[in-house]
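Data block below; observations after.
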Amino acid sequence: MTHQLPATARIGLGGMALLLVLAGSALPAAASSPADTSRTSAEATVEEQRLDRAAPQEILRRSGFDAFAPRFERALQHAKSYAQAERTVTRHASALWQRAVDRAQGRGPATGDLSRGDDRPLYWARLALSRELRAWTPRFDVDDRRRAALHSALETASRGQSDIHYPGHRAKRVLVTGFDPFTLDRDVRIGNPSGASALALDGTLVQTPDGPARIETVVFPVRWADFAGGVVERALARHLPHLDLFTTVSQGRQGRFDVERTNGAWRGGFADNENASSTGLVPVADPATQPQWTSTTLPYRQLAEADTGRFPVYDNTEVTEIPAGGTQPVTRPDGPTPGSAARAGGGGDYLSNEIAYRVTLLRDRLRLPDLPGGHLHTPVLQFGAENTNPQTGTVTDPDFERNRADIVGQVRELVRTAVTATG
């Protein structure tokens with residue numbers, strides 16, 4: 001996620017007690033629990049309201065994912081208790097994630113004429129389920145807290161966050177994260193190649209000279225409030241100590257990959273998928289020990305030098321800082337200077353920078369200095385030259401499909417290269 005978009009949006013343990021803190025139990029009171037990031041009324045969210053536009057409806061219809069919401073609505077109506085409703089939500093959300101993964105990886109029927117590798121059906125179908133859940137009138141009493149917990153369960157299960165597992169001990173363990181589509185009011189047809197990469201790579205093996213590596217993936221929302229509420233830490237804290245490598249992935253600049261060397265503790269305010277804005281320090285647990293900067297431990301030189309695909313890969317060292325004793329932001333091409341305050345990491349000041357900052361901070365707080373991990377920005381997923389107008393354009397075209405396939409394939413090769421380089 002870059003903020004190459006408008007100028008205001010720069011791109012972009014000791015023990016169980018500490019794990020609980022890092023997973024969000026000690027976040028600021030304004031964002032202390034999953035309930036704070038879920039609406040509890042029947043009013044549709046900003047994201048859900050976009051569902052009725054023509055392009056989302058076409059994407060759902062042409063992928064066959066329009067069938068998920070009606071089945072979910074019927075199942076909810078048959079729930080006779082909260083426990084049964086909870087099981088219904090988790091079952092349907094998990095099935096949605098698994099179907100999206102299977103479709104992307106060529107398993108089962110294609111269900112429609114949209115290409116299998118498309119990440120957009122998952123995004124819009126999840127919102128369709130969320131809207132059904134929000135409008136649901138149960139036969140029994142469900143207070144706001146429990147309704148919010150159901151929304152949280154839907155989000156977790158439909159994003160692969162409850163599906164991370166590494167069977168056996170012979171393969172190395174790799175975790176890759178992606179994002180939902182974003183900037184949808186600019187062009188509601190947009191997909192996100194990081195989300196497409198997550199679907200294509202989940203549960204797959206890549207071969208390296210030292211043996212196989214198993215990749216597990218999750219997808220995160222493009223919402224400031226969810227990040228402030230600890231969604232990243234809750235999903236990943238228990239897994240990081242058992243990994244051999246991780247990389248967060250998001251869509252970045254046009255025509256290039258970037259390995260982001262440094263991440264900054266600053267939110268720049270660019271609107272998220274709920275059209276909400278947030279500016280200031282990244283809100284984390286234990287802010288008194290919060291650093292201004294964190295660094296990648298990915299093998300950035302090897303990633304930049306290897307022949308992994310069509311797009312060039314850059315080792316990006318640029319940051320924007322307020323120097324020690326200064327008052328104005330300064331862009332530094334070679335990283336931050338001592339004592340400076342962050343205003344943008346290499347990946348900017350949006351949620352791509354923030355997920356990189358949060359997960360590398362989590363790595364450092366868990367005292368995992370030898371764990372390779374960091375952030376990878378993909379090229380922007382572009383439509384063909386004759387299909388750039390969102391008002392008159394189609395939801396897909398041959399260039400769009402080729403660009404997505406090439407980006408996803410190169411993400412796979414970059415992961416393989418990183419695992420090989422870190423041995």
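All residue names refer to the structure tokens as shown: chains lettered A, B, ... in order, residues numbered from 1 in each chain, ligands numbered from 1 in order.
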- request: Would you please give, as a ChimeraX atom specification, all residues of segment 79-230 of chain A that DSSP assigns to helix (DSSP H, G or I) based on the backbone?
  value: /A:82-104,120-135,144-158,193-201,224-228
Spatial neighbours of Asp210 of chain A, 10 Å, only C-alpha atoms, chain gap at least 6 places, as a PyMOL selection string: chain A and resi 171-172+419-420+423
field: Pairwise distance for atom CA of Ser152 of chain A and atom CA of His377 of chain A, rounded to one decimal in Å
entry: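 Pair atom CA of Ser152 of chain A / atom CA of His377 of chain A returns 27.4 Å.
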Coordinates-based distance that separates atom CA of His151 of chain A from atom CA of Gly64 of chain A (Å, one decimal):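 Between atom CA of Gly64 of chain A and atom CA of His151 of chain A the gap works out to 23.1 Å.
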- request: With a distance cut-off of 9 Å and only C-alpha atoms, select the neighbouring residues of segment 121-130 of chain A, excluding the residue or stretch itself and same-chain residues fewer than 5 positions from it, and output the selection as a ChimeraX atom specification.
  value: /A:44,47-48,51,56-57,59-70,72-73,89,92-93,96-97,99-100,135,151,154-155,158-159,180-181
- request: Return as a list of chain:residue names the full set of residues in segment 314-402 of chain A whose backbone-based DSSP assignment is strand (DSSP E).
  value: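 Here are the strand (DSSP E) residues of segment 314-402 of chain A: A:Tyr314, A:Asp315, A:Asn316, A:Val319, A:Thr320, A:Glu321, A:Ile322, A:Val330, A:Thr331, A:Arg332, A:Ala341, A:Ala342, A:Arg343, A:Ala344, A:Gly373, A:Gly374, A:His375, A:Leu376, A:His377, A:Thr378.
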query: Of the candidates A:Ile355, A:Val206, A:Leu133, A:Ala288, which one gets nearest to Val231 of chain A if we count only C-alpha atoms?
result: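 Ranking A:Ile355, A:Val206, A:Leu133, A:Ala288 by distance to Val231 of chain A, first place goes to A:Ile355.
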task: Go through A:Asp52, A:Asp349, A:Asp113, A:Glu260 one by one, measure the shortest atom-to-atom distance of each to Gly280 of chain A using only C-alpha atoms, and give the residue with the smallest value.
output: A:Asp349
task: Using only C-alpha atoms, find the one residue out of A:Ser250, A:Gln77, A:Gln84, A:Thr417 that sits nearest to Arg139 of chain A.
output: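 Checking each of A:Ser250, A:Gln77, A:Gln84, A:Thr417 against Arg139 of chain A, counting only C-alpha atoms, the winner is A:Gln77.
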field: Contacts of Gly309 of chain A within 8 Å, only C-alpha atoms, excl. fewer than 4 positions in-chain, as a PyMOL selection string
entry: chain A and resi 406+409-410+413
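Distances from A:Gly168, A:Pro283, A:Pro209, A:Gly347 to Arg416 of chain A were compared using only C-alpha atoms, and the smallest one belongs to A:Pro209.
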- prompt: So which residues touch Arg343 of chain A within 6 Å, counting only C-alpha atoms, skipping near sequence neighbours fewer than 3 positions away, as a ChimeraX atom specification?
  reply: /A:266,320-321
